[in-house]
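In what follows, a single structure is set out as structure tokens and then discussed.
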Amino acid sequence: MIYVKSAGSLEEIKDVNLLHQSGGWSAYLFEDINDVKSSWLNIQPSNRQLLGFEFLNAVQAKSPMGMQMYYLILEKEGELAGLAYFQLMDIDLDNSVRKGAIPKSRSGKIRFKFKSFIRSKINIKLLVCGNFLTSGDQSHHFVDSSYEEEGTQFLIDSSNVLLKQVAKFCKPLRGVLFKDLYNNNKKQQDLFIANKFLKTKFQPRMVFHLDETWSSFDDYLAAITSKYRMKINKAKSKIEDFEVRSLNADEILNHTAEINELFEEIISNVSFNALKFPEGYFANLKRELKEDFDFFGFFKDGVFKGFFTIIHGSEEMEAHYIGVRNKDNKKYKIYFNLLLELTRIGIEKGYKRINFSRTAMEIKSSVGAMGEDLNCYYKHPNPLFQSLSIYLFRLLKPSREKWTPRSPFKKNKTELL
């Protein structure tokens, strides 16, 4: 704990929780989002549901193991000006990064063994501005776009102060990471680089920009080529005798063992995963978010075969976590079918975008999603180790997966958007 004061109104406790002040700006730090509920609700962005109070409060109640949350309320000249969200992550690189197949070449084998040895010796904590549970810019928000440049600089300065505070009780703390900021913000990029942050990218997130003229799945099918319609029909025929249905919180809990098994099999295939969820994570999301969260299960003859989850927003639908066994996916094309189900739901609910998140980029592009690169900015707390950490970071981070973008559309989709 950095601060223990957590009762009373915001005005009564915020001075105790003052983290940093500079140039008319003030940052107040809290470890429980309920302490700042009214302020957060007052200024949270309407079109970024994963930065909203309801989602963050639900995650806080059932947070992944090894994760600590910090919430910042930002004021300018005494007025609410913004908010930010940090996660303190416990990362075991040996278990978080997928090793992959051992290369055949002698030099490849030596490099593989060296990287594996280094990872086995590293267990770190990382302060992340953003959300490790999702992809996309969910790190901070300012109430006025005119605050963006000076507010971001103040947030960077505040993150350095927070890093020093956390480092007093958290060892080994290895830096701060601003996660998934948009690639097209040149001023923002220049600002982080000027503050000596390392810019890096991971896998692109896959976003499906839905055509506003579509009102049904049939409209989508009419827009794609006959080749892809045949592929879809063949995949859908594999699950003709499946039941796909929504589960409530109690039903989700009843299937906890199967959900854990399916989810573990999925995350074992991804290149990087630092999360281990507590039992009841999905049931709690359903209980707290109600109609803003959906959990769908695939059943065959009453047997639980897979699931997918959705977090609903105002403009963007978040395809949250999924689960399926590799052998069932191979036989029934469950993964492809759940992408089609997500597409159908997104269209019928009138969303502008579906965030399919990272991984499996090629198959997601075959449905219609396009890759979107996002920037991450990393800085070590000790300038002497910054250069070394850059090389270590590049050595150990997961390799970007090679993939071939596909498009199912008769026309180039990018020309329609």
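For the structure tokens, the naming scheme is as follows: chains receive sequential letters (A, B, ...) according to their order of presentation, residues are indexed from 1 within each chain, and ligands are indexed from 1 in presentation order.
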
Sel. of helix (DSSP H, G or I) residues, segment 171-375 of chain A, as a compact mmCIF listing (two decimals) with N, CA, C and O atoms, in the first residue's frame:
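Written output follows (result-v7.txt):
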# COMPACT_ATOMS: atom_id res chain seq x y z
N LYS A 186 1.58 11.96 -34.03
CA LYS A 186 2.99 12.32 -34.15
C LYS A 186 3.48 13.14 -32.96
O LYS A 186 4.59 12.92 -32.45
N LYS A 187 2.67 14.08 -32.49
CA LYS A 187 3.08 14.90 -31.35
C LYS A 187 3.29 14.04 -30.11
O LYS A 187 4.23 14.27 -29.34
N GLN A 188 2.43 13.08 -29.92
CA GLN A 188 2.55 12.18 -28.78
C GLN A 188 3.82 11.34 -28.88
O GLN A 188 4.55 11.18 -27.89
N GLN A 189 4.09 10.82 -30.07
CA GLN A 189 5.32 10.05 -30.27
C GLN A 189 6.55 10.87 -29.94
O GLN A 189 7.46 10.42 -29.24
N ASP A 190 6.58 12.10 -30.47
CA ASP A 190 7.73 12.98 -30.23
C ASP A 190 7.90 13.27 -28.75
O ASP A 190 9.03 13.37 -28.25
N LEU A 191 6.79 13.39 -28.05
CA LEU A 191 6.83 13.71 -26.62
C LEU A 191 7.47 12.56 -25.82
O LEU A 191 8.33 12.79 -24.97
N PHE A 192 7.07 11.35 -26.11
CA PHE A 192 7.63 10.20 -25.39
C PHE A 192 9.11 10.01 -25.73
O PHE A 192 9.92 9.71 -24.85
N ILE A 193 9.45 10.19 -26.98
CA ILE A 193 10.85 10.04 -27.38
C ILE A 193 11.71 11.13 -26.74
O ILE A 193 12.83 10.87 -26.29
N ALA A 194 11.17 12.35 -26.65
CA ALA A 194 11.89 13.44 -26.00
C ALA A 194 12.11 13.15 -24.52
O ALA A 194 13.09 13.64 -23.93
N PHE A 217 -26.60 -9.94 -41.17
CA PHE A 217 -25.48 -10.78 -41.60
C PHE A 217 -25.57 -11.08 -43.09
O PHE A 217 -24.54 -11.25 -43.76
N ASP A 218 -26.78 -11.11 -43.62
CA ASP A 218 -26.95 -11.34 -45.05
C ASP A 218 -26.33 -10.21 -45.87
O ASP A 218 -25.82 -10.45 -46.98
N ASP A 219 -26.41 -8.98 -45.35
CA ASP A 219 -25.77 -7.85 -46.05
C ASP A 219 -24.26 -8.05 -46.12
O ASP A 219 -23.62 -7.73 -47.13
N TYR A 220 -23.70 -8.55 -45.05
CA TYR A 220 -22.26 -8.86 -45.01
C TYR A 220 -21.93 -9.94 -46.04
O TYR A 220 -20.96 -9.82 -46.80
N LEU A 221 -22.74 -11.01 -46.06
CA LEU A 221 -22.50 -12.10 -46.99
C LEU A 221 -22.58 -11.63 -48.44
O LEU A 221 -21.84 -12.10 -49.31
N ALA A 222 -23.47 -10.67 -48.70
CA ALA A 222 -23.61 -10.14 -50.06
C ALA A 222 -22.41 -9.32 -50.49
O ALA A 222 -22.16 -9.13 -51.69
N ALA A 223 -21.65 -8.82 -49.51
CA ALA A 223 -20.50 -7.96 -49.81
C ALA A 223 -19.21 -8.73 -50.05
O ALA A 223 -18.23 -8.16 -50.52
N SER A 226 -17.77 -15.02 -53.65
CA SER A 226 -18.39 -16.35 -53.58
C SER A 226 -17.43 -17.35 -52.92
O SER A 226 -17.86 -18.27 -52.23
N LYS A 227 -16.13 -17.15 -53.11
CA LYS A 227 -15.13 -18.03 -52.51
C LYS A 227 -15.25 -18.01 -50.99
O LYS A 227 -15.23 -19.07 -50.34
N TYR A 228 -15.39 -16.82 -50.41
CA TYR A 228 -15.47 -16.72 -48.96
C TYR A 228 -16.85 -17.13 -48.45
O TYR A 228 -16.96 -17.64 -47.33
N ARG A 229 -17.90 -16.91 -49.25
CA ARG A 229 -19.22 -17.39 -48.84
C ARG A 229 -19.23 -18.91 -48.75
O ARG A 229 -19.81 -19.49 -47.83
N MET A 230 -18.58 -19.56 -49.70
CA MET A 230 -18.48 -21.03 -49.66
C MET A 230 -17.71 -21.48 -48.42
O MET A 230 -18.09 -22.45 -47.75
N LYS A 231 -16.64 -20.76 -48.10
CA LYS A 231 -15.84 -21.09 -46.92
C LYS A 231 -16.67 -20.94 -45.65
O LYS A 231 -16.62 -21.79 -44.74
N ILE A 232 -17.47 -19.88 -45.59
CA ILE A 232 -18.32 -19.63 -44.42
C ILE A 232 -19.39 -20.71 -44.31
O ILE A 232 -19.64 -21.25 -43.22
N ASN A 233 -20.04 -21.02 -45.41
CA ASN A 233 -21.10 -22.04 -45.39
C ASN A 233 -20.55 -23.40 -44.97
O ASN A 233 -21.21 -24.15 -44.23
N LYS A 234 -19.33 -23.71 -45.45
CA LYS A 234 -18.72 -24.98 -45.07
C LYS A 234 -18.42 -25.01 -43.57
O LYS A 234 -18.66 -26.02 -42.90
N ALA A 235 -17.92 -23.89 -43.04
CA ALA A 235 -17.62 -23.82 -41.61
C ALA A 235 -18.89 -23.91 -40.78
O ALA A 235 -18.93 -24.61 -39.76
N LYS A 236 -19.93 -23.21 -41.20
CA LYS A 236 -21.19 -23.22 -40.44
C LYS A 236 -21.84 -24.60 -40.44
O LYS A 236 -22.53 -24.97 -39.49
N SER A 237 -21.62 -25.36 -41.52
CA SER A 237 -22.19 -26.71 -41.58
C SER A 237 -21.58 -27.63 -40.54
O SER A 237 -22.19 -28.63 -40.13
N ALA A 249 -24.69 -15.39 -15.00
CA ALA A 249 -23.56 -15.51 -14.06
C ALA A 249 -23.52 -16.87 -13.37
O ALA A 249 -22.45 -17.48 -13.23
N ASP A 250 -24.68 -17.37 -12.96
CA ASP A 250 -24.72 -18.67 -12.26
C ASP A 250 -24.32 -19.81 -13.20
O ASP A 250 -23.61 -20.74 -12.80
N GLU A 251 -24.80 -19.74 -14.44
CA GLU A 251 -24.45 -20.78 -15.41
C GLU A 251 -22.95 -20.76 -15.72
O GLU A 251 -22.33 -21.81 -15.90
N ILE A 252 -22.38 -19.56 -15.81
CA ILE A 252 -20.94 -19.44 -16.04
C ILE A 252 -20.17 -20.11 -14.90
O ILE A 252 -19.21 -20.87 -15.12
N LEU A 253 -20.60 -19.86 -13.66
CA LEU A 253 -19.95 -20.47 -12.50
C LEU A 253 -20.06 -21.99 -12.53
O LEU A 253 -19.13 -22.71 -12.16
N ASN A 254 -21.20 -22.49 -12.99
CA ASN A 254 -21.40 -23.93 -13.05
C ASN A 254 -20.46 -24.62 -14.04
O ASN A 254 -20.19 -25.82 -13.93
N THR A 256 -17.29 -23.58 -14.55
CA THR A 256 -15.97 -23.03 -14.24
C THR A 256 -14.83 -23.96 -14.68
O THR A 256 -13.86 -23.51 -15.30
N ALA A 257 -14.94 -25.23 -14.37
CA ALA A 257 -13.85 -26.18 -14.70
C ALA A 257 -13.62 -26.26 -16.20
O ALA A 257 -12.46 -26.23 -16.67
N GLU A 258 -14.70 -26.34 -16.98
CA GLU A 258 -14.57 -26.43 -18.43
C GLU A 258 -14.03 -25.13 -19.01
O GLU A 258 -13.18 -25.15 -19.91
N ILE A 259 -14.51 -24.01 -18.47
CA ILE A 259 -14.05 -22.70 -18.95
C ILE A 259 -12.56 -22.55 -18.73
O ILE A 259 -11.82 -22.12 -19.63
N ASN A 260 -12.10 -22.94 -17.55
CA ASN A 260 -10.66 -22.84 -17.24
C ASN A 260 -9.83 -23.70 -18.19
O ASN A 260 -8.78 -23.28 -18.67
N GLU A 261 -10.32 -24.90 -18.47
CA GLU A 261 -9.61 -25.81 -19.36
C GLU A 261 -9.52 -25.24 -20.78
O GLU A 261 -8.45 -25.24 -21.40
N LEU A 262 -10.66 -24.73 -21.28
CA LEU A 262 -10.70 -24.19 -22.64
C LEU A 262 -9.84 -22.94 -22.76
O LEU A 262 -9.13 -22.74 -23.75
N PHE A 263 -9.90 -22.09 -21.74
CA PHE A 263 -9.13 -20.85 -21.76
C PHE A 263 -7.64 -21.13 -21.68
O PHE A 263 -6.84 -20.51 -22.40
N GLU A 264 -7.23 -22.06 -20.82
CA GLU A 264 -5.82 -22.40 -20.68
C GLU A 264 -5.26 -22.94 -21.99
O GLU A 264 -4.11 -22.68 -22.34
N GLU A 265 -6.07 -23.70 -22.74
CA GLU A 265 -5.59 -24.24 -24.01
C GLU A 265 -5.37 -23.14 -25.03
O GLU A 265 -4.42 -23.16 -25.80
N ILE A 266 -6.26 -22.14 -25.01
CA ILE A 266 -6.11 -21.01 -25.94
C ILE A 266 -4.86 -20.20 -25.62
O ILE A 266 -4.05 -19.89 -26.50
N ILE A 267 -4.67 -19.83 -24.35
CA ILE A 267 -3.54 -18.95 -24.02
C ILE A 267 -2.20 -19.67 -24.14
O ILE A 267 -1.16 -19.03 -24.25
N TYR A 281 -13.77 -15.01 -12.71
CA TYR A 281 -13.56 -13.75 -13.42
C TYR A 281 -14.72 -13.44 -14.36
O TYR A 281 -15.28 -12.34 -14.35
N PHE A 282 -15.09 -14.40 -15.21
CA PHE A 282 -16.14 -14.16 -16.20
C PHE A 282 -17.51 -14.01 -15.56
O PHE A 282 -18.31 -13.17 -15.98
N ALA A 283 -17.78 -14.81 -14.55
CA ALA A 283 -19.07 -14.70 -13.86
C ALA A 283 -19.20 -13.34 -13.20
O ALA A 283 -20.28 -12.72 -13.19
N ASN A 284 -18.10 -12.84 -12.65
CA ASN A 284 -18.13 -11.53 -12.01
C ASN A 284 -18.36 -10.42 -13.02
O ASN A 284 -19.10 -9.46 -12.75
N LEU A 285 -17.75 -10.53 -14.21
CA LEU A 285 -17.99 -9.53 -15.25
C LEU A 285 -19.47 -9.51 -15.62
O LEU A 285 -20.06 -8.43 -15.80
N LYS A 286 -20.08 -10.68 -15.75
CA LYS A 286 -21.50 -10.74 -16.08
C LYS A 286 -22.35 -10.15 -14.97
O LYS A 286 -23.31 -9.39 -15.23
N ARG A 287 -21.98 -10.45 -13.74
CA ARG A 287 -22.75 -9.95 -12.59
C ARG A 287 -22.65 -8.42 -12.49
O ARG A 287 -23.64 -7.74 -12.21
N GLU A 288 -21.47 -7.87 -12.74
CA GLU A 288 -21.26 -6.44 -12.56
C GLU A 288 -21.67 -5.62 -13.78
O GLU A 288 -22.25 -4.54 -13.64
N LEU A 289 -21.37 -6.13 -14.98
CA LEU A 289 -21.66 -5.35 -16.19
C LEU A 289 -23.04 -5.63 -16.77
O LEU A 289 -23.51 -4.89 -17.63
N LYS A 290 -23.67 -6.71 -16.31
CA LYS A 290 -25.03 -7.07 -16.74
C LYS A 290 -25.11 -7.15 -18.26
O LYS A 290 -24.39 -7.91 -18.88
N GLU A 291 -26.02 -6.36 -18.88
CA GLU A 291 -26.22 -6.47 -20.33
C GLU A 291 -25.04 -5.95 -21.15
O GLU A 291 -24.98 -6.16 -22.37
N ASP A 292 -24.11 -5.29 -20.49
CA ASP A 292 -22.93 -4.80 -21.22
C ASP A 292 -21.85 -5.87 -21.37
O ASP A 292 -20.79 -5.61 -21.97
N ASN A 326 -8.08 -27.41 -28.98
CA ASN A 326 -7.47 -27.49 -30.31
C ASN A 326 -8.08 -28.61 -31.15
O ASN A 326 -8.34 -28.43 -32.35
N LYS A 327 -8.34 -29.76 -30.54
CA LYS A 327 -8.87 -30.88 -31.31
C LYS A 327 -10.31 -30.61 -31.78
O LYS A 327 -10.68 -30.98 -32.90
N ASP A 328 -11.10 -29.93 -30.94
CA ASP A 328 -12.47 -29.58 -31.35
C ASP A 328 -12.47 -28.49 -32.41
O ASP A 328 -13.30 -28.48 -33.32
N ASN A 329 -11.53 -27.56 -32.29
CA ASN A 329 -11.44 -26.49 -33.28
C ASN A 329 -11.09 -27.06 -34.65
O ASN A 329 -11.64 -26.64 -35.67
N LYS A 330 -10.19 -28.02 -34.65
CA LYS A 330 -9.79 -28.64 -35.92
C LYS A 330 -10.95 -29.38 -36.57
O LYS A 330 -11.13 -29.34 -37.80
N LYS A 331 -11.76 -30.01 -35.76
CA LYS A 331 -12.86 -30.81 -36.28
C LYS A 331 -14.08 -29.98 -36.65
O LYS A 331 -14.72 -30.23 -37.69
N TYR A 332 -14.40 -28.96 -35.83
CA TYR A 332 -15.64 -28.21 -36.01
C TYR A 332 -15.45 -26.76 -36.44
O TYR A 332 -16.45 -26.05 -36.60
N ILE A 334 -14.52 -24.22 -34.76
CA ILE A 334 -15.19 -23.39 -33.75
C ILE A 334 -14.65 -21.97 -33.74
O ILE A 334 -15.41 -21.01 -33.64
N TYR A 335 -13.33 -21.82 -33.87
CA TYR A 335 -12.74 -20.49 -33.81
C TYR A 335 -13.28 -19.61 -34.94
O TYR A 335 -13.68 -18.46 -34.73
N PHE A 336 -13.29 -20.14 -36.16
CA PHE A 336 -13.82 -19.39 -37.29
C PHE A 336 -15.30 -19.09 -37.10
O PHE A 336 -15.78 -17.98 -37.40
N ASN A 337 -16.04 -20.04 -36.57
CA ASN A 337 -17.47 -19.83 -36.35
C ASN A 337 -17.74 -18.78 -35.27
O ASN A 337 -18.70 -18.02 -35.40
N LEU A 338 -16.91 -18.73 -34.25
CA LEU A 338 -17.15 -17.70 -33.24
C LEU A 338 -16.81 -16.31 -33.79
O LEU A 338 -17.45 -15.31 -33.42
N LEU A 339 -15.84 -16.21 -34.71
CA LEU A 339 -15.58 -14.94 -35.37
C LEU A 339 -16.80 -14.50 -36.19
O LEU A 339 -17.15 -13.32 -36.23
N LEU A 340 -17.45 -15.46 -36.84
CA LEU A 340 -18.65 -15.16 -37.61
C LEU A 340 -19.79 -14.74 -36.70
O LEU A 340 -20.57 -13.83 -37.03
N GLU A 341 -19.91 -15.39 -35.54
CA GLU A 341 -20.94 -15.01 -34.57
C GLU A 341 -20.70 -13.59 -34.05
O GLU A 341 -21.63 -12.80 -33.91
N LEU A 342 -19.45 -13.27 -33.77
CA LEU A 342 -19.11 -11.92 -33.33
C LEU A 342 -19.46 -10.90 -34.41
O LEU A 342 -19.97 -9.81 -34.11
N THR A 343 -19.18 -11.25 -35.66
CA THR A 343 -19.50 -10.35 -36.78
C THR A 343 -21.01 -10.14 -36.88
O THR A 343 -21.48 -9.00 -37.04
N ARG A 344 -21.75 -11.22 -36.78
CA ARG A 344 -23.22 -11.12 -36.85
C ARG A 344 -23.76 -10.23 -35.75
O ARG A 344 -24.59 -9.33 -35.99
N ILE A 345 -23.31 -10.44 -34.53
CA ILE A 345 -23.80 -9.65 -33.39
C ILE A 345 -23.43 -8.18 -33.57
O ILE A 345 -24.23 -7.29 -33.31
N GLY A 346 -22.19 -7.92 -33.99
CA GLY A 346 -21.76 -6.55 -34.19
C GLY A 346 -22.60 -5.82 -35.20
O GLY A 346 -22.97 -4.65 -35.00
N ILE A 347 -22.92 -6.49 -36.30
CA ILE A 347 -23.75 -5.88 -37.34
C ILE A 347 -25.17 -5.64 -36.83
O ILE A 347 -25.73 -4.55 -36.98
N GLU A 348 -25.76 -6.65 -36.21
CA GLU A 348 -27.15 -6.53 -35.75
C GLU A 348 -27.32 -5.48 -34.66
O GLU A 348 -28.39 -4.87 -34.55
N MET A 361 -4.01 -13.28 -36.59
CA MET A 361 -4.32 -12.15 -37.46
C MET A 361 -4.86 -12.58 -38.83
O MET A 361 -5.79 -11.98 -39.36
N GLU A 362 -4.29 -13.63 -39.38
CA GLU A 362 -4.67 -14.00 -40.75
C GLU A 362 -6.11 -14.48 -40.83
O GLU A 362 -6.86 -14.06 -41.72
N ILE A 363 -6.53 -15.33 -39.90
CA ILE A 363 -7.91 -15.81 -39.96
C ILE A 363 -8.90 -14.69 -39.65
O ILE A 363 -9.99 -14.62 -40.21
N LYS A 364 -8.50 -13.76 -38.79
CA LYS A 364 -9.37 -12.61 -38.51
C LYS A 364 -9.49 -11.70 -39.72
O LYS A 364 -10.56 -11.13 -39.98
N SER A 365 -8.40 -11.56 -40.46
CA SER A 365 -8.47 -10.74 -41.68
C SER A 365 -9.34 -11.41 -42.73
O SER A 365 -9.96 -10.74 -43.56
N SER A 366 -9.43 -12.74 -42.71
CA SER A 366 -10.26 -13.44 -43.68
C SER A 366 -11.75 -13.21 -43.44
O SER A 366 -12.57 -13.44 -44.32
N VAL A 367 -12.09 -12.74 -42.23
CA VAL A 367 -13.47 -12.36 -41.93
C VAL A 367 -13.72 -10.92 -42.35
O VAL A 367 -14.84 -10.55 -42.71

Report as a VMD selection string all protein, DNA and RNA residues lying within 7 Å of segment 68-73 of chain A, evaluated on only C-alpha atoms, omitting residues in the same chain fewer than 5 positions from it. chain A and resid 27 to 31 33 82 to 89

Store the residues picked out above in a file with C-alpha atoms, as an mmCIF file, in the first residue's frame.
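Contents of selection03.cif, as written:
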data_model
loop_
_atom_site.group_PDB
_atom_site.id
_atom_site.type_symbol
_atom_site.label_atom_id
_atom_site.label_comp_id
_atom_site.auth_asym_id
_atom_site.auth_seq_id
_atom_site.Cartn_x
_atom_site.Cartn_y
_atom_site.Cartn_z
ATOM 1 C CA ALA A 27 -2.360 14.198 -9.799
ATOM 2 C CA TYR A 28 -4.142 12.261 -7.038
ATOM 3 C CA LEU A 29 -3.458 8.566 -6.615
ATOM 4 C CA PHE A 30 -5.871 5.903 -5.339
ATOM 5 C CA GLU A 31 -5.768 2.127 -5.044
ATOM 6 C CA ILE A 33 -11.581 3.005 -7.837
ATOM 7 C CA GLY A 82 -8.458 13.856 -16.811
ATOM 8 C CA LEU A 83 -7.918 10.363 -15.513
ATOM 9 C CA ALA A 84 -5.377 7.596 -15.940
ATOM 10 C CA TYR A 85 -5.111 3.942 -15.045
ATOM 11 C CA PHE A 86 -2.007 1.946 -14.061
ATOM 12 C CA GLN A 87 -1.462 -1.744 -13.451
ATOM 13 C CA LEU A 88 1.503 -3.096 -11.522
ATOM 14 C CA MET A 89 2.270 -6.377 -13.285
#

Give the answer as one residue: which of A:Pro64, A:Gly297, A:Pro204, A:Gly151 has the shortest atom-to-atom distance to Leu247 of chain A, using only C-alpha atoms? A:Gly297

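From atom CA of Ser46 of chain A back to atom CA of Ala369 of chain A, the distance works out to 23.5 Å.
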
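With distances restricted to only C-alpha atoms, A:Leu126 is the closest residue to Lys171 of chain A from A:Leu126, A:Val36, A:Leu74, A:Leu80.
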
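Residues lying within 9 Å of Met317 of chain A, counting only C-alpha atoms and ignoring same-chain neighbours fewer than 6 positions away, are A:Ile310, A:Ile311, A:Leu342, A:Gly346, A:Tyr351, A:Lys352, A:Arg353, A:Ile354, A:Asn355, A:Phe356.
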
As a PyMOL selection string, which residues of segment 104-334 of chain A does DSSP assign to strand (DSSP E or B)? chain A and resi 123-129+140-142+173-182+198-200+205-209+224+242-246+272+293-300+303-311+316-324

Write the residues of the preceding selection, restricted to C-alpha atoms, as a short mmCIF file (atom, residue, chain, number, x, y, z; two decimals), in the first residue's frame.
data_model
loop_
_atom_site.label_atom_id
_atom_site.label_comp_id
_atom_site.auth_asym_id
_atom_site.auth_seq_id
_atom_site.Cartn_x
_atom_site.Cartn_y
_atom_site.Cartn_z
CA ASN A 123 11.07 -12.25 -12.93
CA ILE A 124 10.15 -8.60 -12.97
CA LYS A 125 7.47 -6.15 -12.03
CA LEU A 126 6.37 -3.55 -14.55
CA LEU A 127 4.21 -0.47 -14.06
CA VAL A 128 1.82 -0.29 -17.00
CA CYS A 129 -0.26 2.73 -17.96
CA HIS A 140 -5.75 7.79 -20.00
CA HIS A 141 -8.27 10.44 -21.00
CA PHE A 142 -8.45 14.24 -20.93
CA LEU A 173 10.63 -2.94 -10.45
CA ARG A 174 11.94 -2.67 -13.98
CA GLY A 175 10.24 0.34 -15.52
CA VAL A 176 7.05 1.96 -16.76
CA LEU A 177 5.22 1.04 -19.96
CA PHE A 178 2.60 3.19 -21.69
CA LYS A 179 0.60 0.61 -23.61
CA ASP A 180 -1.19 0.67 -26.96
CA LEU A 181 -1.19 4.35 -27.92
CA TYR A 182 -2.28 5.24 -31.44
CA LEU A 198 11.83 3.39 -26.03
CA LYS A 199 9.12 3.02 -28.68
CA THR A 200 8.17 -0.52 -29.60
CA ARG A 205 -4.66 -5.57 -32.99
CA MET A 206 -7.30 -6.65 -35.48
CA VAL A 207 -10.22 -4.27 -35.97
CA PHE A 208 -13.24 -4.92 -38.17
CA HIS A 209 -14.71 -1.63 -39.43
CA ILE A 224 -17.99 -10.81 -49.87
CA PHE A 242 -24.45 -27.17 -32.00
CA GLU A 243 -26.33 -24.94 -29.60
CA VAL A 244 -24.86 -21.45 -29.20
CA ARG A 245 -26.43 -19.71 -26.23
CA SER A 246 -25.90 -16.91 -23.77
CA PHE A 272 2.94 -13.77 -24.83
CA PHE A 293 -21.18 -8.18 -21.01
CA ASP A 294 -22.14 -11.36 -22.84
CA PHE A 295 -20.82 -14.88 -22.42
CA PHE A 296 -21.75 -17.34 -25.18
CA GLY A 297 -21.14 -21.06 -24.98
CA PHE A 298 -20.91 -23.64 -27.78
CA PHE A 299 -22.61 -26.91 -26.82
CA LYS A 300 -22.82 -30.22 -28.69
CA VAL A 303 -21.11 -30.95 -23.89
CA PHE A 304 -19.36 -27.60 -23.46
CA LYS A 305 -17.14 -27.17 -26.54
CA GLY A 306 -16.10 -23.52 -26.53
CA PHE A 307 -17.01 -19.98 -25.56
CA PHE A 308 -16.58 -16.36 -26.53
CA THR A 309 -17.21 -13.17 -24.57
CA ILE A 310 -18.21 -9.63 -25.50
CA ILE A 311 -17.93 -6.27 -23.77
CA GLU A 316 -16.98 -0.40 -30.52
CA MET A 317 -17.70 -3.97 -29.52
CA GLU A 318 -14.84 -5.65 -27.67
CA ALA A 319 -14.32 -9.33 -28.43
CA HIS A 320 -12.96 -10.26 -25.00
CA TYR A 321 -11.55 -13.70 -24.12
CA ILE A 322 -12.41 -17.00 -25.79
CA GLY A 323 -11.83 -20.67 -25.15
CA VAL A 324 -11.77 -23.81 -27.30
#
